[in-house]
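Content type compact mmCIF, C-alpha atoms, from the file query-v3.txt:
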# COMPACT_ATOMS: atom_id res chain seq x y z
CA MET S 7 12.07 12.42 -7.74
CA GLN S 8 14.52 11.00 -10.27
CA LEU S 9 15.12 7.27 -9.89
CA PRO S 10 18.39 5.65 -10.96
CA SER S 11 16.70 2.79 -12.85
CA SER S 12 13.78 2.68 -15.28
CA LEU S 13 12.78 -0.77 -13.97
CA LEU S 14 12.45 0.76 -10.51
CA GLU S 15 10.67 3.78 -11.96
CA ASN S 16 8.08 1.60 -13.72
CA ALA S 17 7.42 -0.50 -10.64
CA VAL S 18 6.98 2.64 -8.52
CA ALA S 19 4.59 4.09 -11.13
CA GLN S 20 2.46 0.92 -10.97
CA PHE S 21 2.19 1.00 -7.18
CA ALA S 22 1.49 4.74 -7.20
CA LYS S 23 -1.68 4.06 -9.23
CA LEU S 24 -3.23 2.24 -6.26
CA PRO S 25 -5.68 4.24 -4.13
CA GLY S 26 -4.04 5.98 -1.17
CA VAL S 27 -0.50 5.18 -2.35
CA GLY S 28 1.67 8.18 -3.22
CA LYS S 29 5.04 8.12 -4.94
CA LYS S 30 7.03 8.00 -1.69
CA THR S 31 5.00 5.10 -0.30
CA ALA S 32 5.24 3.33 -3.66
CA LEU S 33 9.03 3.65 -3.53
CA ARG S 34 9.08 2.24 0.00
CA LEU S 35 7.03 -0.79 -1.12
CA VAL S 36 9.20 -1.36 -4.20
CA LEU S 37 12.45 -1.12 -2.20
CA HIS S 38 10.96 -3.64 0.23
CA LEU S 39 10.24 -6.04 -2.65
CA LEU S 40 13.77 -5.45 -3.96
CA LYS S 41 15.08 -7.04 -0.75
CA GLN S 42 12.93 -10.17 -1.15
CA ASP S 43 13.82 -13.32 -3.09
CA VAL S 44 13.32 -13.18 -6.86
CA ASP S 45 10.93 -16.16 -6.63
CA ASP S 46 8.83 -14.51 -3.93
CA VAL S 47 8.39 -11.34 -5.97
CA GLN S 48 7.62 -13.42 -9.07
CA HIS S 49 4.96 -15.19 -7.01
CA PHE S 50 3.60 -11.84 -5.81
CA GLY S 51 3.19 -10.57 -9.38
CA GLU S 52 1.66 -13.81 -10.62
CA THR S 53 -0.80 -14.07 -7.73
CA ILE S 54 -2.16 -10.58 -8.41
CA ALA S 55 -2.42 -11.15 -12.16
CA ARG S 56 -4.03 -14.59 -11.73
CA MET S 57 -6.55 -13.20 -9.26
CA ARG S 58 -7.81 -10.68 -11.80
CA ARG S 59 -7.69 -13.12 -14.72
CA ASP S 60 -9.30 -16.18 -13.14
CA ILE S 61 -11.73 -14.72 -10.64
CA LYS S 62 -15.38 -15.26 -11.47
CA PHE S 63 -18.61 -13.72 -10.34
CA CYS S 64 -21.27 -16.02 -8.87
CA GLN S 65 -24.00 -16.53 -11.47
CA ARG S 66 -26.61 -16.41 -8.76
CA CYS S 67 -25.61 -13.58 -6.40
CA CYS S 68 -22.85 -11.72 -8.34
CA ASN S 69 -20.41 -12.13 -5.44
CA VAL S 70 -16.78 -12.89 -6.33
CA SER S 71 -16.18 -16.58 -6.61
CA ASP S 72 -13.63 -19.21 -7.62
CA GLY S 73 -16.27 -21.13 -9.59
CA ASP S 74 -19.62 -20.48 -11.28
CA ILE S 75 -21.44 -20.49 -7.94
CA CYS S 76 -19.86 -18.88 -4.87
CA SER S 77 -19.18 -20.75 -1.65
CA ILE S 78 -22.02 -18.96 0.17
CA CYS S 79 -24.65 -19.88 -2.44
CA ALA S 80 -23.29 -23.43 -2.61
CA ASN S 81 -23.57 -23.86 1.17
CA SER S 82 -26.66 -25.99 1.86
CA GLN S 83 -26.68 -24.87 5.52
CA ARG S 84 -27.74 -21.40 4.44
CA ASN S 85 -31.32 -20.26 3.97
CA PRO S 86 -31.80 -19.75 0.19
CA ARG S 87 -35.15 -17.97 0.74
CA LEU S 88 -33.49 -15.03 2.51
CA ILE S 89 -31.49 -12.60 0.38
CA CYS S 90 -29.39 -9.76 1.76
CA VAL S 91 -28.93 -6.99 -0.81
CA VAL S 92 -25.55 -5.24 -0.57
CA GLU S 93 -23.67 -2.68 -2.61
CA ASN S 94 -20.36 -4.48 -3.03
CA ILE S 95 -18.15 -7.37 -2.00
CA ARG S 96 -16.76 -5.47 0.96
CA ASP S 97 -20.25 -5.29 2.42
CA VAL S 98 -20.64 -9.06 2.05
CA ILE S 99 -17.46 -9.46 4.07
CA ALA S 100 -18.69 -6.95 6.69
CA VAL S 101 -21.99 -8.81 7.17
CA GLU S 102 -20.24 -12.20 7.20
CA THR S 103 -17.89 -10.97 9.91
CA THR S 104 -20.84 -10.48 12.29
CA GLN S 105 -21.60 -14.25 12.06
CA GLN S 106 -25.26 -13.28 12.61
CA TYR S 107 -26.54 -13.83 9.10
CA ASN S 108 -27.44 -17.19 7.64
CA GLY S 109 -29.05 -16.33 4.31
CA THR S 110 -27.60 -15.61 0.88
CA TYR S 111 -26.57 -12.32 -0.77
CA HIS S 112 -27.13 -10.31 -3.87
CA VAL S 113 -24.34 -7.90 -4.80
CA LEU S 114 -25.71 -4.91 -6.74
CA GLY S 115 -22.33 -3.59 -7.79
CA GLY S 116 -23.24 -0.06 -6.65
CA VAL S 117 -26.30 2.03 -5.84
CA ILE S 118 -28.49 4.23 -8.03
CA SER S 119 -26.78 7.61 -8.26
CA PRO S 120 -27.89 9.82 -11.18
CA LEU S 121 -25.24 12.43 -10.34
CA ASP S 122 -22.52 9.82 -10.91
CA GLY S 123 -24.31 8.54 -14.02
CA ILE S 124 -25.27 5.25 -12.37
CA GLY S 125 -28.78 4.13 -13.25
CA PRO S 126 -30.59 0.84 -12.51
CA ASP S 127 -29.37 -0.69 -15.78
CA GLN S 128 -25.74 -0.59 -14.68
CA LEU S 129 -26.54 -2.52 -11.51
CA ASN S 130 -27.43 -6.18 -10.93
CA ILE S 131 -31.09 -5.32 -10.30
CA GLU S 132 -32.77 -7.20 -13.16
CA SER S 133 -31.04 -10.43 -12.11
CA LEU S 134 -32.24 -9.82 -8.54
CA VAL S 135 -35.88 -9.38 -9.63
CA GLN S 136 -35.72 -12.56 -11.73
CA ARG S 137 -34.07 -14.40 -8.91
CA ILE S 138 -36.75 -13.44 -6.37
CA ALA S 139 -39.48 -14.66 -8.72
CA ARG S 140 -37.63 -17.88 -9.59
CA GLU S 141 -36.47 -18.82 -6.09
CA GLU S 142 -39.69 -17.79 -4.32
CA THR S 143 -37.71 -15.64 -1.93
CA GLU S 144 -39.43 -15.07 1.41
CA GLU S 145 -37.46 -12.08 2.65
CA LEU S 146 -35.30 -9.43 1.04
CA LEU S 147 -33.05 -7.69 3.58
CA PHE S 148 -31.50 -4.44 2.38
CA ALA S 149 -28.09 -3.71 3.90
CA LEU S 150 -27.27 -0.53 1.98
CA SER S 151 -25.57 2.58 3.31
CA PRO S 152 -28.14 4.95 4.86
CA ASN S 153 -28.04 7.84 2.40
CA ILE S 154 -30.06 9.24 -0.50
CA GLN S 155 -28.54 6.84 -3.01
CA GLY S 156 -29.18 3.82 -0.81
CA ASP S 157 -32.77 4.88 -0.10
CA THR S 158 -33.43 5.55 -3.80
CA THR S 159 -32.16 2.08 -4.65
CA ILE S 160 -34.37 0.47 -2.01
CA TYR S 161 -37.38 2.43 -3.30
CA TYR S 162 -36.69 1.43 -6.91
CA ILE S 163 -36.28 -2.29 -6.18
CA GLN S 164 -39.31 -2.27 -3.89
CA LYS S 165 -41.47 -0.94 -6.76
CA LYS S 166 -40.04 -3.55 -9.13
CA ILE S 167 -40.99 -6.49 -6.90
CA ALA S 168 -44.25 -5.09 -5.48
CA HIS S 169 -46.19 -7.87 -7.26
CA LEU S 170 -44.16 -10.65 -5.61
CA PRO S 171 -45.07 -12.11 -2.19
CA CYS S 172 -41.71 -11.22 -0.66
CA ARG S 173 -41.24 -9.50 2.69
CA ILE S 174 -38.90 -6.48 2.42
CA THR S 175 -36.81 -5.38 5.38
CA THR S 176 -33.79 -3.19 5.99
CA ILE S 177 -31.08 -3.27 8.61
CA ALA S 178 -31.93 -1.08 11.61
CA ARG S 179 -30.70 2.48 11.58
CA GLY S 180 -30.07 4.29 14.82
CA ILE S 181 -27.39 5.32 17.25
CA ALA S 182 -24.34 3.12 16.78
CA PHE S 183 -23.23 0.93 19.65
CA GLY S 184 -20.75 3.01 21.67
CA GLY S 185 -21.92 6.21 19.94
CA GLU S 186 -22.79 9.30 21.94
CA LEU S 187 -26.21 10.90 21.67
CA GLU S 188 -24.96 14.47 21.55
CA TYR S 189 -22.81 13.75 18.50
CA ALA S 190 -25.54 11.96 16.52
CA ASP S 191 -26.92 13.91 13.55
CA GLU S 192 -30.59 14.99 13.65
CA MET S 193 -31.69 12.59 10.94
CA THR S 194 -30.27 9.55 12.71
CA LEU S 195 -31.65 10.64 16.07
CA ALA S 196 -35.08 11.45 14.59
CA ARG S 197 -35.26 8.05 12.86
CA SER S 198 -34.13 6.19 15.94
CA ILE S 199 -36.90 7.87 17.96
CA ALA S 200 -39.52 7.14 15.28
CA ASN S 201 -38.40 3.49 15.15
CA ARG S 202 -38.03 3.03 18.91
CA LEU S 203 -37.86 -0.52 20.22
CA PRO S 204 -39.49 -2.16 23.24
CA VAL S 205 -36.72 -2.56 25.83
CA GLN S 206 -37.33 -6.32 25.99
CA GLN S 207 -36.42 -6.57 22.32
CA TYR S 208 -33.35 -4.38 22.74
CA VAL S 209 -31.72 -6.34 25.55
CA LYS S 210 -32.58 -9.84 24.37
CA MET R 6 -12.10 -11.94 7.89
CA GLN R 7 -13.32 -14.79 5.67
CA LEU R 8 -13.12 -14.04 1.97
CA PRO R 9 -15.48 -15.67 -0.54
CA SER R 10 -12.72 -16.63 -2.97
CA SER R 11 -9.32 -18.24 -2.50
CA LEU R 12 -7.94 -16.22 -5.44
CA LEU R 13 -8.95 -13.06 -3.63
CA GLU R 14 -7.63 -14.43 -0.34
CA ASN R 15 -4.20 -15.18 -1.88
CA ALA R 16 -3.94 -11.75 -3.48
CA VAL R 17 -4.85 -10.07 -0.18
CA ALA R 18 -2.28 -12.18 1.66
CA GLN R 19 0.41 -11.06 -0.79
CA PHE R 20 -0.38 -7.37 -0.36
CA ALA R 21 -0.64 -7.75 3.42
CA LYS R 22 3.04 -8.82 3.49
CA LEU R 23 4.10 -5.34 2.38
CA PRO R 24 5.32 -2.98 5.12
CA GLY R 25 2.56 -0.80 6.57
CA VAL R 26 -0.21 -2.67 4.73
CA GLY R 27 -2.72 -4.45 6.95
CA LYS R 28 -5.37 -6.93 5.87
CA LYS R 29 -8.07 -4.27 5.43
CA THR R 30 -5.86 -2.03 3.31
CA ALA R 31 -4.75 -5.06 1.30
CA LEU R 32 -8.39 -5.92 0.58
CA ARG R 33 -9.07 -2.34 -0.52
CA LEU R 34 -6.12 -2.49 -2.94
CA VAL R 35 -7.16 -5.87 -4.32
CA LEU R 36 -10.78 -4.79 -4.82
CA HIS R 37 -9.45 -1.73 -6.65
CA LEU R 38 -7.42 -3.97 -8.97
CA LEU R 39 -10.47 -6.18 -9.46
CA LYS R 40 -12.19 -3.21 -11.11
CA GLN R 41 -9.33 -2.62 -13.55
CA ASP R 42 -8.87 -4.26 -16.96
CA VAL R 43 -7.39 -7.76 -16.98
CA ASP R 44 -4.51 -6.53 -19.16
CA ASP R 45 -3.69 -3.66 -16.82
CA VAL R 46 -3.50 -5.96 -13.81
CA GLN R 47 -1.43 -8.44 -15.81
CA HIS R 48 0.93 -5.56 -16.64
CA PHE R 49 1.04 -4.56 -12.96
CA GLY R 50 2.10 -8.06 -11.90
CA GLU R 51 4.65 -8.43 -14.69
CA THR R 52 6.22 -5.01 -14.05
CA ILE R 53 6.81 -5.83 -10.39
CA ALA R 54 8.21 -9.28 -11.13
CA ARG R 55 10.44 -7.99 -13.96
CA MET R 56 11.77 -5.20 -11.76
CA ARG R 57 13.00 -7.71 -9.18
CA ARG R 58 14.29 -10.19 -11.76
CA ASP R 59 16.10 -7.85 -14.13
CA ILE R 60 17.36 -5.06 -11.88
CA LYS R 61 21.09 -4.92 -11.43
CA PHE R 62 23.43 -3.32 -8.96
CA CYS R 63 26.10 -0.99 -10.28
CA GLN R 64 29.46 -2.79 -10.20
CA ARG R 65 31.14 0.42 -9.13
CA CYS R 66 28.87 2.03 -6.53
CA CYS R 67 26.32 -0.74 -5.69
CA ASN R 68 23.41 1.56 -6.56
CA VAL R 69 20.46 -0.01 -8.39
CA SER R 70 20.90 0.12 -12.12
CA ASP R 71 19.47 -1.07 -15.41
CA GLY R 72 22.93 -2.03 -16.67
CA ASP R 73 26.31 -3.01 -15.22
CA ILE R 74 27.15 0.62 -14.45
CA CYS R 75 24.48 2.98 -13.09
CA SER R 76 23.50 6.20 -14.84
CA ILE R 77 25.21 8.34 -12.18
CA CYS R 78 28.57 6.55 -12.51
CA ALA R 79 28.26 6.62 -16.31
CA ASN R 80 27.66 10.39 -16.34
CA SER R 81 30.91 12.06 -17.42
CA GLN R 82 29.69 15.42 -16.07
CA ARG R 83 30.09 14.12 -12.54
CA ASN R 84 33.23 14.30 -10.45
CA PRO R 85 34.52 10.70 -10.13
CA ARG R 86 37.03 11.71 -7.43
CA LEU R 87 34.29 12.62 -4.95
CA ILE R 88 32.36 9.74 -3.38
CA CYS R 89 29.31 10.19 -1.16
CA VAL R 90 28.84 7.19 1.15
CA VAL R 91 25.17 6.40 1.88
CA GLU R 92 23.31 3.63 3.63
CA ASN R 93 20.79 2.74 0.93
CA ILE R 94 19.18 3.66 -2.38
CA ARG R 95 16.64 5.92 -0.73
CA ASP R 96 19.49 8.09 0.56
CA VAL R 97 20.91 8.37 -2.97
CA ILE R 98 17.52 9.67 -4.10
CA ALA R 99 17.35 12.08 -1.13
CA VAL R 100 20.79 13.57 -1.94
CA GLU R 101 20.01 13.72 -5.67
CA THR R 102 16.80 15.62 -4.95
CA THR R 103 18.81 18.49 -3.44
CA GLN R 104 20.57 19.00 -6.84
CA GLN R 105 23.57 20.23 -4.83
CA TYR R 106 25.82 17.22 -5.27
CA ASN R 107 27.89 16.51 -8.33
CA GLY R 108 30.04 13.55 -7.32
CA THR R 109 29.39 9.81 -7.32
CA TYR R 110 28.01 7.50 -4.63
CA HIS R 111 28.80 4.34 -2.77
CA VAL R 112 25.82 2.46 -1.34
CA LEU R 113 26.83 0.47 1.74
CA GLY R 114 23.60 -1.52 1.96
CA GLY R 115 23.27 -0.73 5.67
CA VAL R 116 25.35 0.43 8.62
CA ILE R 117 27.40 -1.51 11.15
CA SER R 118 24.99 -2.62 13.86
CA PRO R 119 26.21 -5.51 16.06
CA LEU R 120 22.85 -5.67 17.87
CA ASP R 121 21.14 -6.48 14.55
CA GLY R 122 23.93 -8.85 13.59
CA ILE R 123 25.24 -6.57 10.86
CA GLY R 124 29.04 -6.46 10.72
CA PRO R 125 31.38 -4.85 8.18
CA ASP R 126 31.47 -8.06 6.11
CA GLN R 127 27.78 -7.82 5.24
CA LEU R 128 28.21 -4.30 3.88
CA ASN R 129 29.84 -3.01 0.68
CA ILE R 130 32.87 -1.70 2.61
CA GLU R 131 35.65 -3.81 1.06
CA SER R 132 34.60 -2.70 -2.43
CA LEU R 133 34.64 0.92 -1.22
CA VAL R 134 38.18 0.62 0.15
CA GLN R 135 39.40 -0.97 -3.08
CA ARG R 136 37.60 1.66 -5.10
CA ILE R 137 39.21 4.56 -3.20
CA ALA R 138 42.68 3.08 -3.78
CA ARG R 139 42.00 2.31 -7.45
CA GLU R 140 40.27 5.55 -8.39
CA GLU R 141 42.54 7.84 -6.36
CA THR R 142 39.52 9.37 -4.68
CA GLU R 143 40.13 12.89 -3.38
CA GLU R 144 37.21 13.20 -0.99
CA LEU R 145 34.92 10.77 0.80
CA LEU R 146 31.73 12.47 2.01
CA PHE R 147 29.76 10.47 4.58
CA ALA R 148 26.00 11.05 4.43
CA LEU R 149 24.92 8.54 7.08
CA SER R 150 22.19 8.99 9.67
CA PRO R 151 23.58 10.72 12.77
CA ASN R 152 23.37 7.90 15.31
CA ILE R 153 25.64 5.36 16.99
CA GLN R 154 25.48 2.94 14.05
CA GLY R 155 26.29 5.66 11.53
CA ASP R 156 29.17 6.99 13.63
CA THR R 157 30.56 3.47 14.16
CA THR R 158 30.50 2.88 10.42
CA ILE R 159 32.31 6.16 9.73
CA TYR R 160 34.94 5.30 12.36
CA TYR R 161 35.47 1.81 10.92
CA ILE R 162 35.87 2.97 7.32
CA GLN R 163 38.10 5.87 8.40
CA LYS R 164 40.49 3.39 10.04
CA LYS R 165 40.45 1.17 6.94
CA ILE R 166 41.52 3.96 4.60
CA ALA R 167 43.84 5.85 6.96
CA HIS R 168 46.82 4.98 4.73
CA LEU R 169 45.21 6.53 1.64
CA PRO R 170 45.54 10.24 0.78
CA CYS R 171 41.80 10.84 0.78
CA ARG R 172 40.04 13.71 2.57
CA ILE R 173 37.18 12.48 4.75
CA THR R 174 34.19 14.69 5.43
CA THR R 175 30.65 14.26 6.70
CA ILE R 176 27.46 16.20 6.06
CA ALA R 177 26.93 18.95 8.63
CA ARG R 178 24.87 18.11 11.70
CA GLY R 179 23.00 20.83 13.49
CA ILE R 180 19.62 22.41 13.92
CA ALA R 181 17.44 21.58 10.92
CA PHE R 182 16.26 24.44 8.74
CA GLY R 183 12.92 25.58 10.16
CA GLY R 184 13.61 23.70 13.41
CA GLU R 185 13.13 25.36 16.77
CA LEU R 186 15.99 25.61 19.26
CA GLU R 187 13.93 24.70 22.30
CA TYR R 188 12.86 21.39 20.75
CA ALA R 189 16.36 20.35 19.66
CA ASP R 190 17.91 17.50 21.68
CA GLU R 191 21.01 18.23 23.79
CA MET R 192 23.34 16.18 21.59
CA THR R 193 22.36 18.05 18.42
CA LEU R 194 22.55 21.43 20.12
CA ALA R 195 25.89 20.65 21.76
CA ARG R 196 27.36 19.50 18.45
CA SER R 197 26.04 22.50 16.59
CA ILE R 198 27.68 24.80 19.15
CA ALA R 199 30.99 22.90 18.99
CA ASN R 200 30.93 23.05 15.18
CA ARG R 201 29.78 26.65 14.94
CA LEU R 202 30.23 28.40 11.61
CA PRO R 203 31.43 31.89 10.76
CA VAL R 204 28.31 33.86 9.81
CA GLN R 205 29.82 34.69 6.41
CA GLN R 206 29.95 30.97 5.62
CA TYR R 207 26.40 30.41 6.85
CA VAL R 208 24.73 33.06 4.73
CA LYS R 209 26.77 32.63 1.57
Any chance you could give the structure as structure tokens?
Amino acid sequence: MQLPSSLLENAVAQFAKLPGVGKKTALRLVLHLLKQDVDDVQHFGETIARMRRDIKFCQRCCNVSDGDICSICANSQRNPRLICVVENIRDVIAVETTQQYNGTYHVLGGVISPLDGIGPDQLNIESLVQRIAREETEELLFALSPNIQGDTTIYYIQKKIAHLPCRITTIARGIAFGGELEYADEMTLARSIANRLPVQQYVK
Amino acid sequence: MQLPSSLLENAVAQFAKLPGVGKKTALRLVLHLLKQDVDDVQHFGETIARMRRDIKFCQRCCNVSDGDICSICANSQRNPRLICVVENIRDVIAVETTQQYNGTYHVLGGVISPLDGIGPDQLNIESLVQRIAREETEELLFALSPNIQGDTTIYYIQKKIAHLPCRITTIARGIAFGGELEYADEMTLARSIANRLPVQQYVK
């Protein structure tokens, strides 16, 4: 695809670097921006650049933040003794969307995955261990994806804080709401039988 | 979806304005950019803004251009007496991709569509008429989408240049290559029967 302008070509190349955006989609987005006001597009570019330049990571929980401490950590209505351990920012947003969680977070920045070259040192695990000791955390709730990497990470952190008086829990794994039994994989079904709940607890 | 940072929120809102990009996709794109170098994201923003600010439209054919005259019009290898009339820049790129066309273009910027409030005055029609007279154009090839709006636009322009000695043609309409007869609509099939070709011409 030969474009009639190098300015257009460069803009398309930038968009095409984004995940899931091919060259045709990139062209569609650029031609859309070409129809907008110059000031609006200037604002678009500046907003993106400023976001990357000025965004901070919360010194306590490693979540993205506008200041040194994120709005969740700064919220005095939240239980500081309960920490939910998540892989990334998207998971924070997913848990927040449920409106069922009132504690704080700790964003690991990934999970232990030797095949991808990610060991404990690349993750925010040391800061978590220090934080649990310092803040006298009562409960650590793991909300990691249920796979080998997630389980390895839980196991590793659990060992690291075994000496601390902190209760360790994980989000329940089982058949998803609306899911069909016959399509569940064996592992999920086996675990959900092993961890069966009293019906009173289920319907409450 | 509540985001933990207003910088993030603003960047997501900007991406979510793009066509076909919802809030979830926008967040995915922004979190991708968050992992890139500050300089790269700065460059991304600047490239987009510069594209909109500095891009020009060719004074002759209204195509996008880096200078006053686009690279196609400036190319002396091309036939300046043959003008292909298209709706927008994307159509220029589509025709160029075929590598079968060696004339110049005229980008209308749309088609006549009274229902959408688009009349001849909002399109680059007057400049086309003047150009045909000035450049002694030999052939005007319409490459507009085959629908009511496209046909209306062809009819309107045809009337406007009836006094000029310019041949007027349109790209062939018929069954698409690889298309199946039984799925073709009546209009297309009827037209392709009315405009049937000698087999010699078809296979040449």
- Message: For Gly115 of chain R, find every residue with an atom within 12 Å (counting all atoms listed in the file), except residues of its own chain fewer than 3 positions away, and show them as a ChimeraX atom specification.
- Response: /R:67,90-96,111-112,118-119,121-130,149-150,154-155,157-158
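Among the candidates R:Phe62, R:Val17, R:Asp71, R:Gly114, the one nearest to chain S when counting all atoms listed in the file is R:Asp71.
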- atom CA of Phe50 of chain S to atom CA of Val116 of chain R: how many Å, to one decimal?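 Between atom CA of Phe50 of chain S and atom CA of Val116 of chain R the gap works out to 28.8 Å.
Interatomic distance, atom CA of Thr104 of chain S against atom CA of Ala178 of chain S: 14.6 Å.
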- Contacts of Ala139 of chain S at 12 Å or less, counting only C-alpha atoms, minus same-chain residues fewer than 4 places along, as a ChimeraX atom specification? /S:87,132-135,143-146,166-172
- Looking at all atoms listed in the file, which of R:Ala189, R:Gln82, R:Leu113, R:Arg55 is the one that sits closest to Ile159 of chain R? R:Leu113
If I only have part of segment 41-48 of chain R, can you fill in all heavy atoms and write it as an mmCIF file, keeping the file's coordinate frame?
data_model
loop_
_atom_site.group_PDB
_atom_site.id
_atom_site.type_symbol
_atom_site.label_atom_id
_atom_site.label_comp_id
_atom_site.auth_asym_id
_atom_site.auth_seq_id
_atom_site.Cartn_x
_atom_site.Cartn_y
_atom_site.Cartn_z
ATOM 1 N N GLN R 41 -10.123 -3.038 -12.398
ATOM 2 C CA GLN R 41 -9.330 -2.620 -13.550
ATOM 3 C C GLN R 41 -9.388 -3.684 -14.654
ATOM 4 O O GLN R 41 -9.811 -4.808 -14.410
ATOM 5 C CB GLN R 41 -7.863 -2.399 -13.139
ATOM 6 C CG GLN R 41 -7.675 -1.539 -11.911
ATOM 7 C CD GLN R 41 -8.335 -0.187 -12.048
ATOM 8 O OE1 GLN R 41 -8.126 0.509 -13.025
ATOM 9 N NE2 GLN R 41 -9.177 0.174 -11.084
ATOM 10 N N ASP R 42 -8.925 -3.313 -15.844
ATOM 11 C CA ASP R 42 -8.870 -4.260 -16.960
ATOM 12 C C ASP R 42 -7.926 -5.416 -16.631
ATOM 13 O O ASP R 42 -6.922 -5.226 -15.945
ATOM 14 C CB ASP R 42 -8.311 -3.558 -18.214
ATOM 15 C CG ASP R 42 -9.392 -2.758 -18.904
ATOM 16 O OD1 ASP R 42 -10.563 -2.920 -18.528
ATOM 17 O OD2 ASP R 42 -9.055 -1.980 -19.821
ATOM 18 N N VAL R 43 -8.240 -6.579 -17.185
ATOM 19 C CA VAL R 43 -7.390 -7.760 -16.980
ATOM 20 C C VAL R 43 -5.963 -7.461 -17.444
ATOM 21 O O VAL R 43 -4.995 -7.775 -16.758
ATOM 22 C CB VAL R 43 -7.958 -8.979 -17.740
ATOM 23 C CG1 VAL R 43 -7.002 -10.152 -17.661
ATOM 24 C CG2 VAL R 43 -9.314 -9.380 -17.173
ATOM 25 N N ASP R 44 -5.846 -6.809 -18.610
ATOM 26 C CA ASP R 44 -4.510 -6.530 -19.160
ATOM 27 C C ASP R 44 -3.708 -5.598 -18.274
ATOM 28 O O ASP R 44 -2.500 -5.752 -18.120
ATOM 29 C CB ASP R 44 -4.645 -5.915 -20.568
ATOM 30 C CG ASP R 44 -5.131 -6.941 -21.569
ATOM 31 O OD1 ASP R 44 -5.120 -8.139 -21.228
ATOM 32 O OD2 ASP R 44 -5.539 -6.543 -22.671
ATOM 33 N N ASP R 45 -4.390 -4.605 -17.687
ATOM 34 C CA ASP R 45 -3.690 -3.660 -16.820
ATOM 35 C C ASP R 45 -3.137 -4.361 -15.577
ATOM 36 O O ASP R 45 -2.022 -4.079 -15.142
ATOM 37 C CB ASP R 45 -4.641 -2.534 -16.378
ATOM 38 C CG ASP R 45 -4.944 -1.575 -17.523
ATOM 39 O OD1 ASP R 45 -4.273 -1.693 -18.573
ATOM 40 O OD2 ASP R 45 -5.832 -0.732 -17.367
ATOM 41 N N VAL R 46 -3.935 -5.269 -15.025
ATOM 42 C CA VAL R 46 -3.500 -5.960 -13.810
ATOM 43 C C VAL R 46 -2.375 -6.937 -14.150
ATOM 44 O O VAL R 46 -1.411 -7.093 -13.393
ATOM 45 C CB VAL R 46 -4.684 -6.658 -13.114
ATOM 46 C CG1 VAL R 46 -4.219 -7.383 -11.869
ATOM 47 C CG2 VAL R 46 -5.754 -5.628 -12.746
ATOM 48 N N GLN R 47 -2.502 -7.570 -15.319
ATOM 49 C CA GLN R 47 -1.430 -8.440 -15.810
ATOM 50 C C GLN R 47 -0.124 -7.635 -15.909
ATOM 51 O O GLN R 47 0.928 -8.071 -15.446
ATOM 52 C CB GLN R 47 -1.825 -8.959 -17.204
ATOM 53 C CG GLN R 47 -0.849 -9.925 -17.835
ATOM 54 C CD GLN R 47 -1.017 -11.329 -17.279
ATOM 55 O OE1 GLN R 47 -2.100 -11.689 -16.848
ATOM 56 N NE2 GLN R 47 0.053 -12.101 -17.264
ATOM 57 N N HIS R 48 -0.229 -6.443 -16.473
ATOM 58 C CA HIS R 48 0.930 -5.560 -16.640
ATOM 59 C C HIS R 48 1.494 -5.174 -15.268
ATOM 60 O O HIS R 48 2.713 -5.143 -15.086
ATOM 61 C CB HIS R 48 0.498 -4.319 -17.414
ATOM 62 C CG HIS R 48 1.595 -3.357 -17.682
ATOM 63 N ND1 HIS R 48 2.660 -3.667 -18.502
ATOM 64 C CD2 HIS R 48 1.825 -2.100 -17.229
ATOM 65 C CE1 HIS R 48 3.490 -2.654 -18.535
ATOM 66 N NE2 HIS R 48 3.015 -1.682 -17.770
#
